[in-house]
$ cat entry-v7.txt   # compact mmCIF, C-alpha atoms
# COMPACT_ATOMS: atom_id res chain seq x y z
CA MET D 21 4.62 11.99 30.77
CA GLN D 22 2.98 8.79 29.59
CA LEU D 23 2.34 10.46 26.26
CA LYS D 24 5.98 11.39 25.92
CA LYS D 25 7.07 7.80 26.50
CA LEU D 26 4.65 6.55 23.89
CA ASN D 27 5.92 9.09 21.40
CA THR D 28 9.51 8.09 22.09
CA ALA D 29 8.70 4.42 21.57
CA PHE D 30 6.96 5.24 18.32
CA ILE D 31 9.86 7.31 17.02
CA ILE D 32 12.38 4.63 18.01
CA THR D 33 10.47 1.88 16.23
CA THR D 34 10.05 4.00 13.12
CA GLY D 35 13.73 4.89 13.28
CA VAL D 36 14.73 1.22 13.53
CA SER D 37 12.75 0.50 10.42
CA VAL D 38 14.27 3.40 8.49
CA VAL D 39 17.76 2.27 9.50
CA VAL D 40 16.92 -1.26 8.37
CA PHE D 41 15.73 0.14 5.06
CA ILE D 42 18.89 2.19 4.51
CA TYR D 43 20.99 -0.79 5.50
CA LEU D 44 19.12 -3.01 3.05
CA VAL D 45 19.67 -0.57 0.23
CA PHE D 46 23.33 -0.35 1.24
CA LEU D 47 23.59 -4.15 1.42
CA GLY D 48 22.09 -4.52 -1.99
CA TYR D 49 24.01 -1.59 -3.44
CA ASP D 50 26.08 -3.84 -5.70
CA GLU D 51 22.95 -5.30 -7.15
CA ILE D 52 21.37 -1.98 -8.03
CA LYS D 53 22.73 -1.92 -11.51
CA THR D 54 19.80 -1.00 -13.66
CA LEU D 55 16.73 1.16 -13.45
CA LYS D 56 14.76 -2.06 -13.01
CA ASP D 57 16.18 -2.64 -9.51
CA VAL D 58 15.31 0.89 -8.45
CA ILE D 59 11.76 0.42 -9.73
CA LYS D 60 11.43 -2.84 -7.83
CA ILE D 61 12.56 -1.25 -4.58
CA ILE D 62 10.16 1.69 -4.99
CA ALA D 63 7.30 -0.68 -5.83
CA SER D 64 7.97 -2.89 -2.82
CA ILE D 65 7.91 0.14 -0.55
CA LEU D 66 4.61 1.34 -2.02
CA PHE D 67 3.04 -2.11 -1.89
CA PRO D 68 1.18 -1.93 1.47
CA ILE D 69 -0.33 1.54 1.12
CA PRO D 70 -3.35 0.83 -1.14
CA MET D 71 -4.18 -2.26 0.90
CA LEU D 72 -4.14 -0.26 4.13
CA PHE D 73 -6.46 2.33 2.65
CA PHE D 74 -8.82 -0.41 1.58
CA VAL D 75 -8.82 -2.06 5.00
CA ARG D 76 -9.40 1.28 6.65
CA PHE D 77 -12.22 2.00 4.22
CA VAL D 78 -13.99 -1.25 5.08
CA LEU D 79 -13.40 -1.23 8.83
CA ILE D 80 -14.08 2.41 9.55
CA GLU D 81 -16.40 1.73 12.46
CA HIS D 82 -14.03 -0.29 14.59
CA PHE D 83 -12.30 2.69 15.99
CA LEU D 84 -10.60 3.00 19.37
CA PRO D 85 -9.52 6.59 19.69
CA LEU D 86 -9.18 6.60 23.47
CA ASN D 87 -5.92 5.36 24.89
CA THR D 88 -6.90 5.54 28.53
CA ASP D 89 -4.74 4.53 31.47
CA ALA D 90 -7.09 1.70 32.41
CA TYR D 91 -6.89 0.29 28.91
CA LYS D 92 -3.12 0.51 29.00
CA LEU D 93 -2.82 -1.18 32.39
CA LYS D 94 -5.04 -4.00 31.27
CA HIS D 95 -3.08 -4.70 28.09
CA GLN D 96 0.48 -3.93 29.18
CA LYS D 97 1.45 -7.44 30.11
CA PRO D 98 -0.09 -9.34 27.19
CA ALA D 99 1.38 -6.79 24.78
CA THR D 100 4.89 -7.22 26.21
CA LEU D 101 4.56 -11.00 26.13
CA LEU D 102 3.40 -10.85 22.52
CA LEU D 103 6.34 -8.60 21.65
CA LEU D 104 8.89 -11.07 23.10
CA LEU D 105 7.10 -14.05 21.59
CA THR D 106 6.99 -12.46 18.13
CA VAL D 107 10.68 -11.52 18.24
CA VAL D 108 11.61 -15.11 19.07
CA ILE D 109 9.22 -16.63 16.55
CA GLY D 110 10.29 -14.16 13.86
CA VAL D 111 14.01 -14.77 14.26
CA VAL D 112 13.59 -18.54 14.53
CA SER D 113 11.31 -18.78 11.50
CA MET D 114 13.58 -16.61 9.37
CA GLN D 115 16.55 -18.78 10.30
CA LEU D 116 14.51 -21.89 9.63
CA ILE D 117 13.41 -20.68 6.20
CA GLU D 118 16.97 -19.75 5.29
CA TRP D 119 18.16 -23.16 6.47
CA LEU D 120 15.40 -25.06 4.68
CA THR D 121 15.68 -23.31 1.34
CA GLY D 122 19.44 -22.90 1.55
CA GLN D 123 19.16 -19.27 0.49
CA LYS D 124 20.02 -16.06 2.25
CA LEU D 125 17.55 -13.27 2.83
CA GLU D 126 20.15 -10.80 1.63
CA ASN D 127 20.01 -12.39 -1.79
CA HIS D 128 16.31 -11.66 -1.95
CA LEU D 129 16.23 -8.17 -0.59
CA ILE D 130 12.89 -7.43 -2.22
CA PHE D 131 11.23 -9.71 0.33
CA ALA D 132 13.00 -7.96 3.18
CA HIS D 133 11.78 -4.64 1.80
CA LEU D 134 8.26 -6.04 1.53
CA ILE D 135 8.21 -7.30 5.13
CA ASN D 136 9.69 -4.05 6.37
CA SER D 137 7.38 -1.68 4.55
CA THR D 138 4.22 -3.71 5.18
CA THR D 139 4.88 -4.00 8.90
CA LEU D 140 5.88 -0.38 9.23
CA SER D 141 2.78 0.88 7.45
CA SER D 142 0.49 -1.29 9.56
CA TYR D 143 2.35 -0.10 12.62
CA VAL D 144 1.85 3.55 11.78
CA LEU D 145 -1.81 2.95 10.91
CA ASN D 146 -2.40 1.06 14.13
CA TYR D 147 -0.60 3.70 16.16
CA ILE D 148 -2.47 6.63 14.72
CA LEU D 149 -5.93 5.15 14.45
CA TYR D 150 -6.56 2.14 16.62
CA ASN D 151 -4.10 2.16 19.52
CA ASN D 152 -4.53 -1.58 19.85
CA LEU D 153 -1.70 -2.44 22.21
CA ARG D 154 -1.57 -6.16 21.43
CA VAL D 155 -1.30 -5.52 17.71
CA ASN D 156 1.33 -2.93 18.53
CA GLY D 157 3.32 -5.61 20.37
CA ILE D 158 3.13 -8.06 17.49
CA LEU D 159 4.11 -5.52 14.84
CA SER D 160 6.99 -4.16 16.93
CA GLY D 161 8.10 -7.77 17.36
CA VAL D 162 8.15 -8.36 13.61
CA LEU D 163 10.14 -5.17 13.00
CA LEU D 164 12.61 -5.96 15.76
CA SER D 165 13.14 -9.54 14.63
CA LEU D 166 13.76 -8.38 11.06
CA ALA D 167 16.27 -5.84 12.37
CA ILE D 168 18.01 -8.44 14.57
CA HIS D 169 18.12 -10.89 11.71
CA VAL D 170 19.50 -8.41 9.20
CA PHE D 171 22.03 -6.80 11.50
CA PHE D 172 23.35 -9.60 13.65
CA LEU D 173 22.48 -13.00 12.27
CA THR D 174 23.48 -12.73 8.63
CA ALA D 175 27.07 -13.56 8.03
CA MET G 4 -5.88 11.24 23.49
CA ASN G 5 -4.21 10.99 20.14
CA PRO G 6 -0.63 12.19 20.14
CA ILE G 7 0.12 12.63 16.46
CA VAL G 8 -3.14 13.63 14.89
CA GLN G 9 -5.30 15.90 16.93
CA PRO G 10 -8.77 14.42 17.42
CA PRO G 11 -10.53 15.57 14.29
CA LYS G 12 -13.71 17.53 14.43
CA PRO G 13 -16.67 15.18 14.41
CA ARG G 14 -16.95 13.99 10.86
CA THR G 15 -19.25 11.41 9.50
CA ASN G 16 -17.92 8.08 8.42
CA SER G 17 -19.02 8.59 4.86
CA ASN G 18 -16.89 11.76 4.73
CA LYS G 19 -13.90 9.77 5.95
CA ARG G 20 -14.58 7.10 3.39
CA GLU G 21 -14.76 9.68 0.63
CA LEU G 22 -11.40 11.08 1.74
CA LEU G 23 -9.79 7.64 1.64
CA PHE G 24 -11.29 7.05 -1.77
CA THR G 25 -9.77 10.31 -3.02
CA PHE G 26 -6.36 9.39 -1.62
CA GLN G 27 -6.55 5.99 -3.24
CA SER G 28 -7.34 7.48 -6.65
CA ILE G 29 -4.44 9.93 -6.31
CA ILE G 30 -2.17 6.94 -5.61
CA VAL G 31 -3.45 5.12 -8.68
CA VAL G 32 -2.83 8.17 -10.87
CA ALA G 33 0.71 8.46 -9.49
CA LEU G 34 1.33 4.75 -10.09
CA LEU G 35 0.15 5.01 -13.68
CA ALA G 36 2.48 7.95 -14.28
CA PHE G 37 5.25 5.91 -12.66
CA THR G 38 4.49 3.00 -15.00
CA VAL G 39 4.76 5.18 -18.10
CA ILE G 40 8.06 6.68 -16.94
CA ALA G 41 9.45 3.26 -15.97
CA PHE G 42 8.58 1.61 -19.27
CA PHE G 43 9.65 4.62 -21.29
CA LEU G 44 13.07 4.91 -19.66
CA TYR G 45 13.77 1.23 -19.28
CA LYS G 46 12.80 0.08 -22.74
CA ASP G 47 13.91 3.15 -24.67
CA LEU G 48 10.59 3.33 -26.40
CA PRO G 49 10.81 5.13 -29.71
CA ILE G 50 8.49 7.96 -30.60
CA ILE G 51 7.46 6.81 -34.02
CA ASN G 52 5.02 9.52 -34.86
CA GLY G 53 5.20 12.80 -33.00
CA ILE G 54 1.76 14.05 -33.84
CA LYS G 55 0.18 10.86 -32.53
CA VAL G 56 1.68 11.48 -29.08
CA ILE G 57 -0.17 14.77 -28.88
CA PHE G 58 -3.45 13.26 -29.94
CA ALA G 59 -3.25 10.00 -27.99
CA PRO G 60 -4.94 11.35 -24.83
CA PHE G 61 -7.96 12.72 -26.66
CA LEU G 62 -8.97 9.26 -27.74
CA SER G 63 -10.22 8.40 -24.28
CA VAL G 64 -10.61 11.80 -22.62
CA VAL G 65 -13.26 13.08 -25.01
CA PRO G 66 -15.62 10.09 -24.57
CA LEU G 67 -15.05 10.29 -20.82
CA LEU G 68 -16.08 13.92 -20.63
CA PHE G 69 -19.13 13.20 -22.72
CA VAL G 70 -20.18 10.22 -20.60
CA LEU G 71 -19.58 12.14 -17.37
CA SER G 72 -21.70 15.02 -18.57
CA ILE G 73 -24.72 12.97 -19.58
CA LEU G 74 -24.75 10.22 -16.95
CA ARG G 75 -26.30 10.51 -13.54
CA ASP G 76 -24.50 9.10 -10.48
CA LEU G 77 -24.63 5.34 -10.62
CA ARG G 78 -24.28 4.69 -6.90
CA LYS G 79 -25.79 6.40 -3.93
CA GLY G 80 -22.47 7.21 -2.31
CA PHE G 81 -20.65 6.02 0.75
CA LYS G 82 -22.33 4.10 3.49
CA GLU G 83 -22.45 5.44 7.01
CA GLY G 84 -22.43 2.24 9.01
CA ASN G 85 -20.58 -1.07 9.03
CA TYR G 86 -20.28 -3.47 6.17
CA SER G 87 -21.55 -6.96 6.83
CA LYS G 88 -19.18 -9.91 6.81
CA HIS G 89 -20.71 -11.18 3.60
CA GLU G 90 -20.09 -7.87 1.83
CA ILE G 91 -16.51 -7.63 3.11
CA ILE G 92 -15.67 -11.11 1.79
CA LYS G 93 -17.33 -10.36 -1.54
CA PHE G 94 -15.46 -7.11 -2.10
CA CYS G 95 -12.14 -8.55 -0.95
CA LEU G 96 -12.55 -11.28 -3.56
CA ILE G 97 -13.35 -8.64 -6.19
CA THR G 98 -10.19 -6.77 -5.19
CA VAL G 99 -8.06 -9.91 -5.48
CA GLY G 100 -9.60 -10.64 -8.89
CA ILE G 101 -8.95 -7.13 -10.20
CA THR G 102 -5.39 -7.34 -8.83
CA ALA G 103 -4.77 -10.50 -10.85
CA ALA G 104 -6.39 -8.95 -13.93
CA PHE G 105 -4.30 -5.81 -13.69
CA THR G 106 -1.09 -7.76 -13.24
CA GLY G 107 -1.94 -9.18 -16.65
CA VAL G 108 -2.88 -5.78 -18.08
CA THR G 109 0.43 -4.30 -16.90
CA TYR G 110 2.18 -7.22 -18.57
CA LEU G 111 0.38 -6.36 -21.81
CA LEU G 112 1.41 -2.72 -21.38
CA SER G 113 5.02 -3.79 -21.05
CA GLU G 114 4.75 -5.55 -24.42
CA ILE G 115 3.80 -2.32 -26.21
CA LYS G 116 6.59 -1.18 -28.45
CA ALA G 117 5.80 2.48 -29.13
CA LEU G 118 5.33 5.36 -26.77
CA GLU G 119 2.19 6.78 -28.32
CA ILE G 120 0.29 3.50 -27.97
CA LEU G 121 1.44 3.15 -24.37
CA LEU G 122 0.23 6.70 -23.67
CA ALA G 123 -3.13 5.98 -25.22
CA ALA G 124 -3.54 2.81 -23.15
CA ILE G 125 -2.56 4.55 -19.92
CA MET G 126 -4.97 7.41 -20.67
CA ALA G 127 -7.74 4.88 -21.20
CA ILE G 128 -7.06 3.36 -17.74
CA LEU G 129 -6.84 6.84 -16.22
CA SER G 130 -10.20 7.73 -17.73
CA THR G 131 -11.69 4.59 -16.19
CA VAL G 132 -10.30 5.64 -12.80
CA PHE G 133 -11.76 9.13 -13.12
CA PHE G 134 -15.07 7.64 -14.16
CA LEU G 135 -15.11 5.41 -11.06
CA ARG G 136 -14.03 8.35 -8.95
CA SER G 137 -16.86 10.58 -10.02
CA LYS G 138 -19.74 8.23 -10.75
CA ILE G 139 -19.28 5.04 -8.73
CA LYS G 140 -18.52 6.43 -5.32
CA ASP G 141 -18.96 3.24 -3.44
CA ILE G 142 -17.11 0.28 -2.02
CA LEU G 143 -17.26 -1.25 -5.50
CA GLY G 144 -15.28 1.69 -6.91
CA MET G 145 -12.87 1.46 -3.99
CA SER G 146 -12.18 -2.23 -4.53
CA ILE G 147 -11.63 -1.75 -8.26
CA ILE G 148 -9.20 1.13 -7.68
CA THR G 149 -7.33 -0.82 -4.98
CA GLY G 150 -7.10 -3.76 -7.37
CA ILE G 151 -5.63 -1.57 -10.12
CA ALA G 152 -2.99 -0.15 -7.77
CA GLU G 153 -1.99 -3.52 -6.33
CA GLY G 154 -1.92 -5.14 -9.78
CA ILE G 155 0.57 -2.58 -11.08
CA ILE G 156 2.73 -2.93 -7.96
CA VAL G 157 2.70 -6.73 -8.04
CA TYR G 158 3.81 -6.71 -11.66
CA MET G 159 6.56 -4.20 -10.90
CA ILE G 160 7.93 -6.22 -7.99
CA PHE G 161 7.71 -9.79 -9.14
CA LEU G 162 7.47 -9.89 -12.92
CA PHE G 163 9.15 -6.81 -14.31
$ encode --input "entry-v7.txt" --output "structure tokens"
Amino acid sequence: MQLKKLNTAFIITTGVSVVVFIYLVFLGYDEIKTLKDVIKIIASILFPIPMLFFVRFVLIEHFLPLNTDAYKLKHQKPATLLLLLTVVIGVVSMQLIEWLTGQKLENHLIFAHLINSTTLSSYVLNYILYNNLRVNGILSGVLLSLAIHVFFLTA
Amino acid sequence: MNPIVQPPKPRTNSNKRELLFTFQSIIVVALLAFTVIAFFLYKDLPIINGIKVIFAPFLSVVPLLFVLSILRDLRKGFKEGNYSKHEIIKFCLITVGITAAFTGVTYLLSEIKALEILLAAIMAILSTVFFLRSKIKDILGMSIITGIAEGIIVYMIFLF
């Protein structure tokens, strides 16, 4: 049962990110005029993968394959707090950066793609290999705040 | 309990590292192919001399095969245990350096005006990757390959 819940959460978070990605492409559809824009989007999606492999290569020993109930109980609360905190911090900082620089994120979609793909790849890596619940909370928070920002807070 | 990937049969860490290294070199090869296609399509590179296109790869492949056949393995292979903090910092710095260098190399590639020269240059880089893959199986090879991949991507995103 617990396993099923975890799987559902994982699929939902991945789904959110995919929807964000499709929405970003849709949002920037007018700007995809040349082959160059397509190349940039593909490159920004591929960006995190070699880095993740390298990190995994170096840190192969720090491995937590067991996601026991005791471990979950111990980390449930901090992970949830971190999730909420990261959502708030993420949304606020994105608004602040937009306000400070006077530019919209939707005019620089490459950065949105970069944030999205990097977070998603680290999320999948963390989920499959490390099961670190606190990291899980932070990364879910980043993904959610990006989604909230892109869907609801941009005019 | 691992929901997506079944707990793998006990494998040694050096096996895992070798697998990651292989994946990384496949990614680099794919990225280099992507670079050629991108530059070729975007810049409408002319094929000045047809016969040169056919012979361009041999320029670097033949020396590579020769070197691979006569040289012994330069490194002992992948390590079983942890890397020390000092080593991690050192190799991360190497990776960052190679990334910067390869951003520049990709810029130079984008300045090439004919397809056959571009092909020859890409084949030379590919040969280097294969050389690292087969003879320097180590964290040094891994950081160089990661640097090459990230350098190409950084150029494609921010400078292209």
$ atom_distance --input "entry-v7.txt" --atom1 "atom CA of D:Lys53" --atom2 "atom CA of G:Ser113"
20.2 Å
$ closest_residue --input "entry-v7.txt" --among "D:Pro70, D:Lys92, D:Gly157, D:Met114" --to "chain G" --atoms "only C-alpha atoms"
D:Pro70
$ closest_residue --input "entry-v7.txt" --among "G:Met145, G:Ile139, G:Ala117, G:Ile160" --to "G:Ile50" --atoms "only C-alpha atoms"
G:Ala117
$ interface_residues --input "entry-v7.txt" --of "chain D" --to "chain G" --cutoff "6 Å" --atoms "only C-alpha atoms" --output "PyMOL selection string"
chain D and resi 60+63+70+77+86
$ closest_residue --input "entry-v7.txt" --among "D:Phe131, D:Ser165, D:Tyr49, D:Leu55" --to "D:Ser113" --atoms "all atoms listed in the file"
D:Ser165
$ build_atoms --input "entry-v7.txt" --residues "stretch 122-133 of chain G" --atoms "all heavy atoms" --output "mmCIF file, in the coordinates of the input"
data_model
loop_
_atom_site.group_PDB
_atom_site.id
_atom_site.type_symbol
_atom_site.label_atom_id
_atom_site.label_comp_id
_atom_site.auth_asym_id
_atom_site.auth_seq_id
_atom_site.Cartn_x
_atom_site.Cartn_y
_atom_site.Cartn_z
ATOM 1 N N LEU G 122 0.926 5.523 -24.218
ATOM 2 C CA LEU G 122 0.230 6.700 -23.670
ATOM 3 C C LEU G 122 -1.272 6.560 -23.827
ATOM 4 O O LEU G 122 -2.029 6.842 -22.884
ATOM 5 C CB LEU G 122 0.704 7.952 -24.379
ATOM 6 C CG LEU G 122 1.847 8.718 -23.735
ATOM 7 C CD1 LEU G 122 2.123 9.969 -24.521
ATOM 8 C CD2 LEU G 122 1.481 9.067 -22.308
ATOM 9 N N ALA G 123 -1.692 6.114 -24.996
ATOM 10 C CA ALA G 123 -3.130 5.980 -25.220
ATOM 11 C C ALA G 123 -3.731 4.968 -24.261
ATOM 12 O O ALA G 123 -4.795 5.193 -23.671
ATOM 13 C CB ALA G 123 -3.392 5.581 -26.669
ATOM 14 N N ALA G 124 -3.034 3.846 -24.050
ATOM 15 C CA ALA G 124 -3.540 2.810 -23.150
ATOM 16 C C ALA G 124 -3.627 3.323 -21.721
ATOM 17 O O ALA G 124 -4.635 3.119 -21.026
ATOM 18 C CB ALA G 124 -2.640 1.586 -23.219
ATOM 19 N N ILE G 125 -2.559 4.029 -21.294
ATOM 20 C CA ILE G 125 -2.560 4.550 -19.920
ATOM 21 C C ILE G 125 -3.680 5.574 -19.751
ATOM 22 O O ILE G 125 -4.376 5.607 -18.735
ATOM 23 C CB ILE G 125 -1.196 5.189 -19.594
ATOM 24 C CG1 ILE G 125 -0.111 4.115 -19.532
ATOM 25 C CG2 ILE G 125 -1.262 5.949 -18.290
ATOM 26 C CD1 ILE G 125 -0.042 3.362 -18.256
ATOM 27 N N MET G 126 -3.895 6.421 -20.770
ATOM 28 C CA MET G 126 -4.970 7.410 -20.670
ATOM 29 C C MET G 126 -6.324 6.740 -20.577
ATOM 30 O O MET G 126 -7.229 7.223 -19.893
ATOM 31 C CB MET G 126 -4.937 8.363 -21.868
ATOM 32 C CG MET G 126 -3.830 9.395 -21.837
ATOM 33 S SD MET G 126 -3.720 10.325 -20.321
ATOM 34 C CE MET G 126 -5.173 11.314 -20.434
ATOM 35 N N ALA G 127 -6.470 5.599 -21.280
ATOM 36 C CA ALA G 127 -7.740 4.880 -21.200
ATOM 37 C C ALA G 127 -7.970 4.383 -19.766
ATOM 38 O O ALA G 127 -9.073 4.516 -19.216
ATOM 39 C CB ALA G 127 -7.742 3.709 -22.168
ATOM 40 N N ILE G 128 -6.913 3.839 -19.127
ATOM 41 C CA ILE G 128 -7.060 3.360 -17.740
ATOM 42 C C ILE G 128 -7.348 4.541 -16.817
ATOM 43 O O ILE G 128 -8.216 4.471 -15.936
ATOM 44 C CB ILE G 128 -5.796 2.613 -17.298
ATOM 45 C CG1 ILE G 128 -5.543 1.430 -18.208
ATOM 46 C CG2 ILE G 128 -5.936 2.122 -15.872
ATOM 47 C CD1 ILE G 128 -4.229 0.757 -17.967
ATOM 48 N N LEU G 129 -6.619 5.643 -17.046
ATOM 49 C CA LEU G 129 -6.840 6.840 -16.220
ATOM 50 C C LEU G 129 -8.284 7.320 -16.334
ATOM 51 O O LEU G 129 -8.901 7.689 -15.332
ATOM 52 C CB LEU G 129 -5.924 7.958 -16.679
ATOM 53 C CG LEU G 129 -4.625 8.142 -15.919
ATOM 54 C CD1 LEU G 129 -3.874 9.340 -16.465
ATOM 55 C CD2 LEU G 129 -4.921 8.357 -14.448
ATOM 56 N N SER G 130 -8.814 7.295 -17.552
ATOM 57 C CA SER G 130 -10.200 7.730 -17.730
ATOM 58 C C SER G 130 -11.145 6.834 -16.948
ATOM 59 O O SER G 130 -12.096 7.314 -16.329
ATOM 60 C CB SER G 130 -10.579 7.697 -19.204
ATOM 61 O OG SER G 130 -9.700 8.485 -19.932
ATOM 62 N N THR G 131 -10.860 5.509 -16.974
ATOM 63 C CA THR G 131 -11.690 4.590 -16.190
ATOM 64 C C THR G 131 -11.647 4.965 -14.711
ATOM 65 O O THR G 131 -12.675 4.986 -14.031
ATOM 66 C CB THR G 131 -11.173 3.147 -16.352
ATOM 67 O OG1 THR G 131 -10.827 2.951 -17.704
ATOM 68 C CG2 THR G 131 -12.201 2.155 -15.920
ATOM 69 N N VAL G 132 -10.426 5.279 -14.213
ATOM 70 C CA VAL G 132 -10.300 5.640 -12.800
ATOM 71 C C VAL G 132 -11.109 6.896 -12.494
ATOM 72 O O VAL G 132 -11.834 6.960 -11.499
ATOM 73 C CB VAL G 132 -8.810 5.847 -12.436
ATOM 74 C CG1 VAL G 132 -8.672 6.418 -11.040
ATOM 75 C CG2 VAL G 132 -8.058 4.542 -12.540
ATOM 76 N N PHE G 133 -11.009 7.895 -13.373
ATOM 77 C CA PHE G 133 -11.760 9.130 -13.120
ATOM 78 C C PHE G 133 -13.272 8.884 -13.173
ATOM 79 O O PHE G 133 -14.036 9.494 -12.419
ATOM 80 C CB PHE G 133 -11.377 10.216 -14.122
ATOM 81 C CG PHE G 133 -10.117 10.917 -13.749
ATOM 82 C CD1 PHE G 133 -8.993 10.849 -14.529
ATOM 83 C CD2 PHE G 133 -10.047 11.637 -12.560
ATOM 84 C CE1 PHE G 133 -7.832 11.481 -14.169
ATOM 85 C CE2 PHE G 133 -8.892 12.279 -12.185
ATOM 86 C CZ PHE G 133 -7.773 12.192 -12.993
#
